[in-house]
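The structure appears right after this line, and notes come after that.
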Amino acid sequence: MDQYSLYNSELLHDKYYPKVISYYFKQWKGFEMPFHSHNEIEIMYVIEGKCVVETAAETVPMKKGDLILLDSNIPHRLVVNHENPCRMLNLEFIFTNKEDEGFPPFFHEIVRTNVMFSEFLSKGYPYIMLKDSSDIYHILKSLVLELDERSSENKVMIQLLFSQLLIKIGRLAIEYENRNSYQVNVYIKQILSYLHQNYDCEIQVKDIANVVNLHPVYLQRIFKAEMGYSVMEYLTSLRIKKAKMLLAQTEIPIIEISEYVGINSRQYFSTLFKKHTGKTPVDYRNTLNK
């Protein structure tokens with residue numbers, strides 16, 4: 001029985017091993033592949049140049065030393081422009097227990113004995129882009145060389161190299177995620193710092209994105225994931241908090257408070273303030289005075 005997804009639980013309960021279906025080197029230039037999907041799991045490695053891999057969820061730019069692992073049946077396409085040709089190594093594989101040609105370590109043994117690879121599988125990435133430290137490319141080249149020979153003597157070597165490839169990818173993915181989590185925290189701190197220093201100004205997401213050098217969509221995604229609400233929701237909450245402080249602890253005229261917290265419309269400020277506090281700015285100050 002052949003199994004396709006890298007995350008199929010059945011792979012953990014039988015002697016499955018990877019079987020390469022196709023592999024090739026290819027120089028791409030001025031090419032736009034239509035969206036497609038296939039049963040095979042695919043590894044795309046950029047040897048030289050630049051390209052873009054598009055999925056239904058996002059656009060992933062890639063350059064020399066980058067690789068992307070796509071699980072089975074994930075719609076995707078490759079885009080390469082004329083100015084930057086791209087040379088790639090592609091490898092597509094499945095898992096099988098049909099033949100009597102598989103050799104240990106089988107997939108379930110790799111998972112059981114390698115903590116980082118097991119952790120990687122638990123993430124269930126439909127696809128993941130990684131930056132190679134050169135190890136994976138050396139393994140891929142050695143694997144391709146053994147696959148080209150296809151002799152009975154090198155079947156064990158193919159199995160060992162593929163096992164090493166999977167372990168390296170899993171390890172790189174977890175290390176990358178840990179580094180990425182640290183970097184996300186750095187971005188969140190930069191965003192919060194900007195908001196707290198500029199809440200009195202007119203702010204748009206694109207302004208913050210320029211400051212922290214992130215794409216606005218990615219910025220909003222990581223902020224929502226880390227903070228639990230959007231950038232603008234946080235900014236509004238911050239402005240109301242500052243307005244409450246100014247109303248309570250200063251004698252600034254109420255009609256001027258909105259300008260102090262970056263809300264140009266006094267009417268909108270009053271509506272927003274009541275929505276968050278249950279009182280108008282006038283009622284809030286009067287209540288405190290009493």
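Labels used: A, B, ... for chains in the order of the structure tokens, numbers from 1 for residues in each chain, and numbers from 1 for ligands as shown.
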Exercise. Counting only C-alpha atoms, what is within 9 Å of A:Ile158, bar same-chain residues fewer than 3 positions away, as a PyMOL selection string?
Worked result: chain A and resi 142-144+146-147+154-155+161-163
For this session: Find the residues around A:Met33 up to 8 Å (only C-alpha atoms counted), leave out those fewer than 5 positions away in its own chain, and share them as a ChimeraX atom specification.
Result: /A:77-79
For this session: Pull the alpha helix (DSSP H) assignments for stretch 119-155 of chain A out of DSSP run on the backbone, and list those residues as a ChimeraX atom specification.
Result: /A:119-123,135-149,155
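Residue nearest A:Lys244 within the list A:Ser230, A:Thr277, A:Gln267, A:Asn198: A:Thr277 [criterion: smallest interatomic distance, only C-alpha atoms].
Candidate residues A:Met88, A:Ile136, A:Ile188, A:Val205 were compared for distance to A:Lys168, and the nearest is A:Ile136, using only C-alpha atoms.
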Seminar exercise, completed: In terms of only C-alpha atoms, the residue from A:Asp132, A:Glu48, A:Asp148, A:Glu233 at minimal distance from A:Lys64 is A:Glu48
Exercise. What lies within 12 Å of A:Gly124 using only C-alpha atoms, ignoring chain neighbours under 2 positions off, as a VMD selection string?
Worked result: chain A and resid 5 to 9 69 to 72 117 to 122 126 to 128 170 173
Exercise. Using only C-alpha atoms, which residues sit within 7 Å of stretch 90-107 of chain A once same-chain residues fewer than 3 positions away are excluded, as a ChimeraX atom specification?
Worked result: /A:1-4,11-12,15-25,40-45,110-111,156,159
Same residues, C-alpha atoms, saved as a PDB file, in the first residue's frame:
```
ATOM      1  CA  MET A   1       0.000   0.000   0.000  1.00  0.00           C
ATOM      2  CA  ASP A   2       1.368   3.400  -0.971  1.00  0.00           C
ATOM      3  CA  GLN A   3       0.960   6.372   1.350  1.00  0.00           C
ATOM      4  CA  TYR A   4       1.432   9.909   0.222  1.00  0.00           C
ATOM      5  CA  LEU A  11       3.408   5.454   8.392  1.00  0.00           C
ATOM      6  CA  LEU A  12       4.104   5.025  12.100  1.00  0.00           C
ATOM      7  CA  LYS A  15       7.535  -0.793   7.605  1.00  0.00           C
ATOM      8  CA  TYR A  16       7.173   2.120   5.228  1.00  0.00           C
ATOM      9  CA  TYR A  17      10.128   3.599   3.432  1.00  0.00           C
ATOM     10  CA  PRO A  18      10.443   6.458   0.922  1.00  0.00           C
ATOM     11  CA  LYS A  19      10.294   5.694  -2.779  1.00  0.00           C
ATOM     12  CA  VAL A  20      11.479   8.319  -5.257  1.00  0.00           C
ATOM     13  CA  ILE A  21       9.077   8.781  -8.151  1.00  0.00           C
ATOM     14  CA  SER A  22      10.947  11.465 -10.087  1.00  0.00           C
ATOM     15  CA  TYR A  23      13.929  13.763  -9.789  1.00  0.00           C
ATOM     16  CA  TYR A  24      15.568  16.248 -12.118  1.00  0.00           C
ATOM     17  CA  PHE A  25      17.764  19.301 -12.494  1.00  0.00           C
ATOM     18  CA  GLU A  40       3.859  12.905  -4.367  1.00  0.00           C
ATOM     19  CA  ILE A  41       5.644  14.867  -1.658  1.00  0.00           C
ATOM     20  CA  GLU A  42       8.007  17.328  -3.320  1.00  0.00           C
ATOM     21  CA  ILE A  43      11.315  18.955  -2.439  1.00  0.00           C
ATOM     22  CA  MET A  44      12.354  21.950  -4.550  1.00  0.00           C
ATOM     23  CA  TYR A  45      15.914  23.177  -4.002  1.00  0.00           C
ATOM     24  CA  ILE A 110      13.311   7.453  12.251  1.00  0.00           C
ATOM     25  CA  VAL A 111      10.381   9.062  14.019  1.00  0.00           C
ATOM     26  CA  VAL A 156      20.877   0.415   1.102  1.00  0.00           C
ATOM     27  CA  GLN A 159      17.711   4.318   1.987  1.00  0.00           C
TER      28      GLN A 159
END
```
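For the atom pair formed by atom CA of A:Gly262 and atom CA of A:Arg221, the distance is 24.0 Å, given to one decimal.
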Which parts of stretch 91-278 of chain A does DSSP call strand (DSSP E) when run on the backbone here, written out as a PDB file with N, CA, C and O atoms, in the first residue's frame?
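Written output follows (result-v2.pdb):
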```pdb
ATOM      1  N   LEU A  91      12.722  16.869  -6.434  1.00  0.00           N
ATOM      2  CA  LEU A  91      12.636  15.457  -6.076  1.00  0.00           C
ATOM      3  C   LEU A  91      11.238  15.187  -5.548  1.00  0.00           C
ATOM      4  O   LEU A  91      10.765  15.898  -4.664  1.00  0.00           O
ATOM      5  N   GLU A  92      10.579  14.181  -6.104  1.00  0.00           N
ATOM      6  CA  GLU A  92       9.227  13.823  -5.672  1.00  0.00           C
ATOM      7  C   GLU A  92       9.226  12.376  -5.199  1.00  0.00           C
ATOM      8  O   GLU A  92       9.818  11.503  -5.833  1.00  0.00           O
ATOM      9  N   PHE A  93       8.532  12.134  -4.072  1.00  0.00           N
ATOM     10  CA  PHE A  93       8.560  10.785  -3.504  1.00  0.00           C
ATOM     11  C   PHE A  93       7.259  10.467  -2.785  1.00  0.00           C
ATOM     12  O   PHE A  93       6.458  11.359  -2.458  1.00  0.00           O
ATOM     13  N   ILE A  94       7.059   9.197  -2.533  1.00  0.00           N
ATOM     14  CA  ILE A  94       5.947   8.700  -1.733  1.00  0.00           C
ATOM     15  C   ILE A  94       6.529   7.752  -0.685  1.00  0.00           C
ATOM     16  O   ILE A  94       7.748   7.575  -0.617  1.00  0.00           O
ATOM     17  N   PHE A  95       5.667   7.148   0.111  1.00  0.00           N
ATOM     18  CA  PHE A  95       6.095   6.095   1.028  1.00  0.00           C
ATOM     19  C   PHE A  95       5.392   4.797   0.642  1.00  0.00           C
ATOM     20  O   PHE A  95       4.201   4.805   0.310  1.00  0.00           O
ATOM     21  N   THR A  96       6.115   3.721   0.685  1.00  0.00           N
ATOM     22  CA  THR A  96       5.529   2.437   0.300  1.00  0.00           C
ATOM     23  C   THR A  96       6.032   1.312   1.191  1.00  0.00           C
ATOM     24  O   THR A  96       7.120   1.401   1.754  1.00  0.00           O
ATOM     25  N   TYR A 127       3.384  22.921   3.891  1.00  0.00           N
ATOM     26  CA  TYR A 127       4.624  23.223   3.183  1.00  0.00           C
ATOM     27  C   TYR A 127       5.484  24.057   4.114  1.00  0.00           C
ATOM     28  O   TYR A 127       4.995  24.717   5.037  1.00  0.00           O
ATOM     29  N   ILE A 128       6.796  24.023   3.881  1.00  0.00           N
ATOM     30  CA  ILE A 128       7.691  24.841   4.683  1.00  0.00           C
ATOM     31  C   ILE A 128       8.916  25.189   3.856  1.00  0.00           C
ATOM     32  O   ILE A 128       9.474  24.331   3.167  1.00  0.00           O
ATOM     33  N   MET A 129       9.309  26.465   3.889  1.00  0.00           N
ATOM     34  CA  MET A 129      10.505  26.917   3.198  1.00  0.00           C
ATOM     35  C   MET A 129      11.625  27.049   4.210  1.00  0.00           C
ATOM     36  O   MET A 129      11.445  27.607   5.292  1.00  0.00           O
ATOM     37  N   LEU A 130      12.806  26.512   3.858  1.00  0.00           N
ATOM     38  CA  LEU A 130      13.947  26.518   4.763  1.00  0.00           C
ATOM     39  C   LEU A 130      15.185  27.037   4.052  1.00  0.00           C
ATOM     40  O   LEU A 130      15.298  26.949   2.826  1.00  0.00           O
ATOM     41  N   LYS A 131      16.120  27.546   4.832  1.00  0.00           N
ATOM     42  CA  LYS A 131      17.399  27.996   4.298  1.00  0.00           C
ATOM     43  C   LYS A 131      18.459  26.958   4.663  1.00  0.00           C
ATOM     44  O   LYS A 131      18.705  26.696   5.837  1.00  0.00           O
TER      45      LYS A 131
END
```
Exercise. What does the distance between atom CA of A:Gln249 and atom CA of A:Val261 come to in Å, to one decimal place?
Worked result: 14.7 Å
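Straight-line separation from atom CA of A:Gln27 to atom CA of A:Pro85: 7.0 Å.
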Exercise. Could you name the residues that touch A:Cys201 at 10 Å or less, counting only C-alpha atoms, but leaving out those on the same chain fewer than 4 positions away, as JSON, numbers by chain?
Worked result: {"A": [195, 197, 259, 260, 261, 262, 263, 264]}
Written selection (N, CA, C and O atoms) as a PDB file, in the first residue's frame:
```
ATOM      1  N   LEU A 195       3.998  52.009  18.450  1.00  0.00           N
ATOM      2  CA  LEU A 195       2.636  52.413  18.790  1.00  0.00           C
ATOM      3  C   LEU A 195       2.601  53.278  20.050  1.00  0.00           C
ATOM      4  O   LEU A 195       1.896  54.287  20.104  1.00  0.00           O
ATOM      5  N   GLN A 197       4.885  55.154  21.201  1.00  0.00           N
ATOM      6  CA  GLN A 197       5.551  56.435  21.012  1.00  0.00           C
ATOM      7  C   GLN A 197       4.840  57.337  20.004  1.00  0.00           C
ATOM      8  O   GLN A 197       5.135  58.541  19.937  1.00  0.00           O
ATOM      9  N   GLU A 259      -7.339  65.030  20.157  1.00  0.00           N
ATOM     10  CA  GLU A 259      -6.119  65.355  19.426  1.00  0.00           C
ATOM     11  C   GLU A 259      -4.885  64.800  20.133  1.00  0.00           C
ATOM     12  O   GLU A 259      -3.905  64.441  19.488  1.00  0.00           O
ATOM     13  N   TYR A 260      -4.939  64.727  21.450  1.00  0.00           N
ATOM     14  CA  TYR A 260      -3.805  64.210  22.220  1.00  0.00           C
ATOM     15  C   TYR A 260      -3.597  62.702  22.018  1.00  0.00           C
ATOM     16  O   TYR A 260      -2.520  62.185  22.277  1.00  0.00           O
ATOM     17  N   VAL A 261      -4.646  62.013  21.574  1.00  0.00           N
ATOM     18  CA  VAL A 261      -4.540  60.563  21.399  1.00  0.00           C
ATOM     19  C   VAL A 261      -4.659  60.150  19.931  1.00  0.00           C
ATOM     20  O   VAL A 261      -4.886  58.980  19.625  1.00  0.00           O
ATOM     21  N   GLY A 262      -4.501  61.111  19.027  1.00  0.00           N
ATOM     22  CA  GLY A 262      -4.406  60.766  17.611  1.00  0.00           C
ATOM     23  C   GLY A 262      -5.712  60.487  16.902  1.00  0.00           C
ATOM     24  O   GLY A 262      -5.721  59.862  15.837  1.00  0.00           O
ATOM     25  N   ILE A 263      -6.851  60.939  17.476  1.00  0.00           N
ATOM     26  CA  ILE A 263      -8.152  60.759  16.826  1.00  0.00           C
ATOM     27  C   ILE A 263      -8.648  62.136  16.395  1.00  0.00           C
ATOM     28  O   ILE A 263      -8.966  62.981  17.230  1.00  0.00           O
ATOM     29  N   ASN A 264      -8.700  62.361  15.095  1.00  0.00           N
ATOM     30  CA  ASN A 264      -8.970  63.700  14.575  1.00  0.00           C
ATOM     31  C   ASN A 264     -10.414  64.156  14.772  1.00  0.00           C
ATOM     32  O   ASN A 264     -10.690  65.332  14.924  1.00  0.00           O
TER      33      ASN A 264
END
```
Exercise. Contacts of A:Arg266 at 9 Å or less, counting only C-alpha atoms, minus same-chain residues fewer than 6 places along, as a ChimeraX atom specification?
Worked result: /A:255-259
Dump as an mmCIF file, in the first residue's frame, selection limited to C-alpha atoms:
```cif
data_model
loop_
_atom_site.group_PDB
_atom_site.id
_atom_site.type_symbol
_atom_site.label_atom_id
_atom_site.label_comp_id
_atom_site.auth_asym_id
_atom_site.auth_seq_id
_atom_site.Cartn_x
_atom_site.Cartn_y
_atom_site.Cartn_z
ATOM 1 C CA ILE A 255 -12.661 68.933 23.337
ATOM 2 C CA GLU A 256 -8.867 68.716 22.951
ATOM 3 C CA ILE A 257 -8.345 65.219 24.357
ATOM 4 C CA SER A 258 -9.050 63.513 21.020
ATOM 5 C CA GLU A 259 -6.119 65.355 19.426
#
```
